[in-house]
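Worksheet: the structure to be examined is printed underneath.
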Amino acid sequence: IASSQKAPARPVECARCHGQCLAGTRFCKYCGAPLEGERPVSERPSRPTADRPQPAPSLAPEVGRDPPRPPQGDAAGPLSTEAGSAPRPSQVPLAPLRASYSVRPPAWVPADTRPARAPDGKLIVIVEDGTEGKSFPLTGPQIDIGRTEGDIVLEDDLYVSPRHARIIPQNGSWVLRDLGSVNRIYLRIRKTHALRDADLLLLGLEVLQFQTVSDGERGLGHAIQHGTLLFGSPAIRRARLCQRTVEGVTRDVYHLYRDETVIGRETGDIVFTADPFLSRRHAAIRRNPATGEFTLTDLESSNGTYVAIREDVSLHDRDFVRIGQHLFRVDLSR
């Protein structure tokens, strides 16, 4: 009975990776190299190590030799699915790919990304005697103010442009914008305001333009006439205020040669005695000797000091805005 049993097939060793495969297998199940012409393991010379080597996870093709190709179609014959046979390449499980770079988690984003809503509010007209007049709600995507166009029409005010100003909600507040009006928009200052060249100031009924002295004018020396120095008052040029009239021309020019110049109705360096809306000491323009910069400060006047806006400004509760001959107070809910 023992002699009638068939001897088990001897394994065949791959010449490339030295892996042992069953006899009759045409391709190595470890590296895919062809096994045709390979001798059984017992017929090969003994190797120093008796343990079967494990296949390398990835082998680069040899120089000058094309990598082995797996069998295609029926030409190579179907591969056996019995134990010990090499599975199809499509059935070999692949190791998961690992990224060569680290992936950073996305930045945290709040659940509510909606923009902040501007507070409810209204514009209240302040009449000449200080009492409240008509009010206009601050609602919608924008509120335009003009003499003939817009949401708030001031048809009786000839100093208002056809479409003068716009108020829009932005980043949780209301923003005031000048639409290229002729007479500008004036906002009452609450703290010290840094003056810039060509700023327009409104104090009472007086419109004054602040002008800095150019380098060329500042560098003028003594005048000489017929070879003789011209005698006159000392010339100290730093900045000046030019009075703007309804005729569109400059009337009086006030030079700012002191470190502090006070403007008022009764006392100060520049006095407008005929202006009933000016306080006794209304405002002061101060110069910083170290930097040469000028600032404007209201001296707790009754009717306030205003500066024409030159870019978009955010409105705050209890702000006062002058558009033409109309004075508005901004009331915002807290």
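Naming scheme: A, B, ... for chains in displayed order of the structure tokens; residues 1 onward per chain; ligands 1 onward as shown.
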
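Near Asp259 (chain A), within a cut-off of 9 Å and counting only C-alpha atoms, sit the residues Leu256, Ile285, Arg286, Arg287, Asn288, Pro289 and Phe294 of chain A, with same-chain residues fewer than 3 positions away left out.
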
Restricting it to N, CA, C and O atoms, dump the selection as a PDB file, in the first residue's frame.
```pdb
ATOM      1  N   LEU A 256      -1.968 130.072  11.166  1.00  0.00           N
ATOM      2  CA  LEU A 256      -1.796 129.356  12.440  1.00  0.00           C
ATOM      3  C   LEU A 256      -0.306 129.300  12.743  1.00  0.00           C
ATOM      4  O   LEU A 256       0.396 128.386  12.336  1.00  0.00           O
ATOM      5  N   ILE A 285      -7.286 124.690  17.866  1.00  0.00           N
ATOM      6  CA  ILE A 285      -6.389 123.953  16.963  1.00  0.00           C
ATOM      7  C   ILE A 285      -5.005 123.997  17.587  1.00  0.00           C
ATOM      8  O   ILE A 285      -4.462 125.069  17.859  1.00  0.00           O
ATOM      9  N   ARG A 286      -4.437 122.816  17.832  1.00  0.00           N
ATOM     10  CA  ARG A 286      -3.145 122.717  18.518  1.00  0.00           C
ATOM     11  C   ARG A 286      -2.125 122.048  17.598  1.00  0.00           C
ATOM     12  O   ARG A 286      -2.455 121.171  16.806  1.00  0.00           O
ATOM     13  N   ARG A 287      -0.891 122.490  17.762  1.00  0.00           N
ATOM     14  CA  ARG A 287       0.230 121.939  16.988  1.00  0.00           C
ATOM     15  C   ARG A 287       1.193 121.235  17.926  1.00  0.00           C
ATOM     16  O   ARG A 287       1.552 121.763  18.983  1.00  0.00           O
ATOM     17  N   ASN A 288       1.600 120.034  17.509  1.00  0.00           N
ATOM     18  CA  ASN A 288       2.585 119.277  18.279  1.00  0.00           C
ATOM     19  C   ASN A 288       3.980 119.731  17.851  1.00  0.00           C
ATOM     20  O   ASN A 288       4.383 119.506  16.705  1.00  0.00           O
ATOM     21  N   PRO A 289       4.752 120.374  18.734  1.00  0.00           N
ATOM     22  CA  PRO A 289       6.073 120.884  18.318  1.00  0.00           C
ATOM     23  C   PRO A 289       7.019 119.771  17.882  1.00  0.00           C
ATOM     24  O   PRO A 289       7.896 120.005  17.041  1.00  0.00           O
ATOM     25  N   PHE A 294      -1.159 118.885  13.409  1.00  0.00           N
ATOM     26  CA  PHE A 294      -2.206 119.732  13.958  1.00  0.00           C
ATOM     27  C   PHE A 294      -3.417 118.875  14.317  1.00  0.00           C
ATOM     28  O   PHE A 294      -3.750 117.917  13.608  1.00  0.00           O
TER      29      PHE A 294
END
```

Spatial neighbours of Gly232 (chain A), max dist 12 Å, only C-alpha atoms, sep filter under 6 positions, as a count of residues only: 3

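Using only C-alpha atoms, the shortest contact distance between Thr245 (chain A) and any of A:Ser161, A:Ser233, A:Gln325, A:Asn183 is found at A:Asn183.
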
What's the 12 Å shell around Ser181 (chain A), counting only C-alpha atoms, without same-chain residues fewer than 5 positions away, as a PyMOL selection string? chain A and resi 145-147+159-166+186+308-310+323-324

With N, CA, C and O atoms retained, write the just-selected residues as an mmCIF file, in the first residue's frame.
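In the end it all went to part02.cif:
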```
data_model
loop_
_atom_site.group_PDB
_atom_site.id
_atom_site.type_symbol
_atom_site.label_atom_id
_atom_site.label_comp_id
_atom_site.auth_asym_id
_atom_site.auth_seq_id
_atom_site.Cartn_x
_atom_site.Cartn_y
_atom_site.Cartn_z
ATOM 1 N N ILE A 145 -30.051 109.479 0.802
ATOM 2 C CA ILE A 145 -30.582 110.793 1.164
ATOM 3 C C ILE A 145 -30.238 111.769 0.043
ATOM 4 O O ILE A 145 -29.097 111.829 -0.414
ATOM 5 N N GLY A 146 -31.247 112.541 -0.412
ATOM 6 C CA GLY A 146 -31.001 113.513 -1.472
ATOM 7 C C GLY A 146 -32.114 114.531 -1.566
ATOM 8 O O GLY A 146 -33.100 114.471 -0.834
ATOM 9 N N ARG A 147 -31.915 115.470 -2.470
ATOM 10 C CA ARG A 147 -32.927 116.510 -2.655
ATOM 11 C C ARG A 147 -34.055 116.040 -3.571
ATOM 12 O O ARG A 147 -35.218 116.395 -3.366
ATOM 13 N N TYR A 159 -29.289 123.195 -0.566
ATOM 14 C CA TYR A 159 -27.870 122.895 -0.350
ATOM 15 C C TYR A 159 -27.596 121.391 -0.420
ATOM 16 O O TYR A 159 -26.437 120.967 -0.305
ATOM 17 N N VAL A 160 -28.634 120.591 -0.599
ATOM 18 C CA VAL A 160 -28.501 119.137 -0.698
ATOM 19 C C VAL A 160 -28.431 118.748 -2.165
ATOM 20 O O VAL A 160 -29.217 119.242 -2.986
ATOM 21 N N SER A 161 -27.494 117.875 -2.498
ATOM 22 C CA SER A 161 -27.373 117.388 -3.877
ATOM 23 C C SER A 161 -28.538 116.453 -4.208
ATOM 24 O O SER A 161 -29.197 115.923 -3.307
ATOM 25 N N PRO A 162 -28.813 116.223 -5.504
ATOM 26 C CA PRO A 162 -29.923 115.334 -5.867
ATOM 27 C C PRO A 162 -29.859 113.983 -5.169
ATOM 28 O O PRO A 162 -30.868 113.475 -4.689
ATOM 29 N N ARG A 163 -28.692 113.359 -5.127
ATOM 30 C CA ARG A 163 -28.467 112.156 -4.317
ATOM 31 C C ARG A 163 -27.186 112.413 -3.536
ATOM 32 O O ARG A 163 -26.090 112.303 -4.064
ATOM 33 N N HIS A 164 -27.332 112.721 -2.285
ATOM 34 C CA HIS A 164 -26.262 113.314 -1.491
ATOM 35 C C HIS A 164 -25.466 112.286 -0.684
ATOM 36 O O HIS A 164 -24.238 112.286 -0.708
ATOM 37 N N ALA A 165 -26.161 111.431 0.062
ATOM 38 C CA ALA A 165 -25.498 110.539 1.012
ATOM 39 C C ALA A 165 -26.155 109.166 0.970
ATOM 40 O O ALA A 165 -27.282 108.995 0.494
ATOM 41 N N ARG A 166 -25.422 108.198 1.516
ATOM 42 C CA ARG A 166 -25.934 106.829 1.600
ATOM 43 C C ARG A 166 -25.515 106.225 2.940
ATOM 44 O O ARG A 166 -24.375 106.409 3.396
ATOM 45 N N TYR A 186 -20.994 116.605 7.053
ATOM 46 C CA TYR A 186 -20.233 116.984 8.242
ATOM 47 C C TYR A 186 -20.653 116.120 9.424
ATOM 48 O O TYR A 186 -21.856 115.946 9.688
ATOM 49 N N ALA A 308 -15.889 117.641 7.752
ATOM 50 C CA ALA A 308 -16.428 116.940 6.581
ATOM 51 C C ALA A 308 -15.752 115.587 6.433
ATOM 52 O O ALA A 308 -14.522 115.485 6.515
ATOM 53 N N ILE A 309 -16.547 114.532 6.220
ATOM 54 C CA ILE A 309 -15.987 113.196 6.083
ATOM 55 C C ILE A 309 -15.323 113.065 4.715
ATOM 56 O O ILE A 309 -15.750 113.647 3.726
ATOM 57 N N ARG A 310 -14.255 112.296 4.668
ATOM 58 C CA ARG A 310 -13.512 112.094 3.428
ATOM 59 C C ARG A 310 -13.497 110.632 2.986
ATOM 60 O O ARG A 310 -12.968 110.304 1.936
ATOM 61 N N ILE A 323 -26.212 117.536 6.889
ATOM 62 C CA ILE A 323 -26.367 117.380 5.442
ATOM 63 C C ILE A 323 -27.139 118.591 4.943
ATOM 64 O O ILE A 323 -28.325 118.757 5.247
ATOM 65 N N GLY A 324 -26.471 119.455 4.187
ATOM 66 C CA GLY A 324 -27.098 120.705 3.762
ATOM 67 C C GLY A 324 -27.435 121.550 4.983
ATOM 68 O O GLY A 324 -26.599 121.779 5.856
#
```

CA of His326 (chain A) to CA of Tyr306 (chain A): how many Å, to one decimal?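 Result for CA of His326 (chain A) versus CA of Tyr306 (chain A): 13.4 Å, one decimal.
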
Residues within 6 Å of region 202-205 of chain A, please, as a PyMOL selection string. Count only C-alpha atoms; anything in the same chain fewer than 5 positions from it doesn't count. chain A and resi 277-278+305-306

Using only C-alpha atoms, which of A:Glu247, A:Glu149, A:Asp120, A:Glu266 sits nearest Trp174 (chain A)? A:Asp120

Would you return as a ChimeraX atom specification the members of region 144-260 of chain A that DSSP assigns to helix (DSSP H, G or I) on this structure's backbone? /A:215-218

Kindly give the distance, in Å, that separates CA of Arg251 (chain A) and CA of Arg322 (chain A), rounded to a single decimal. 22.9 Å
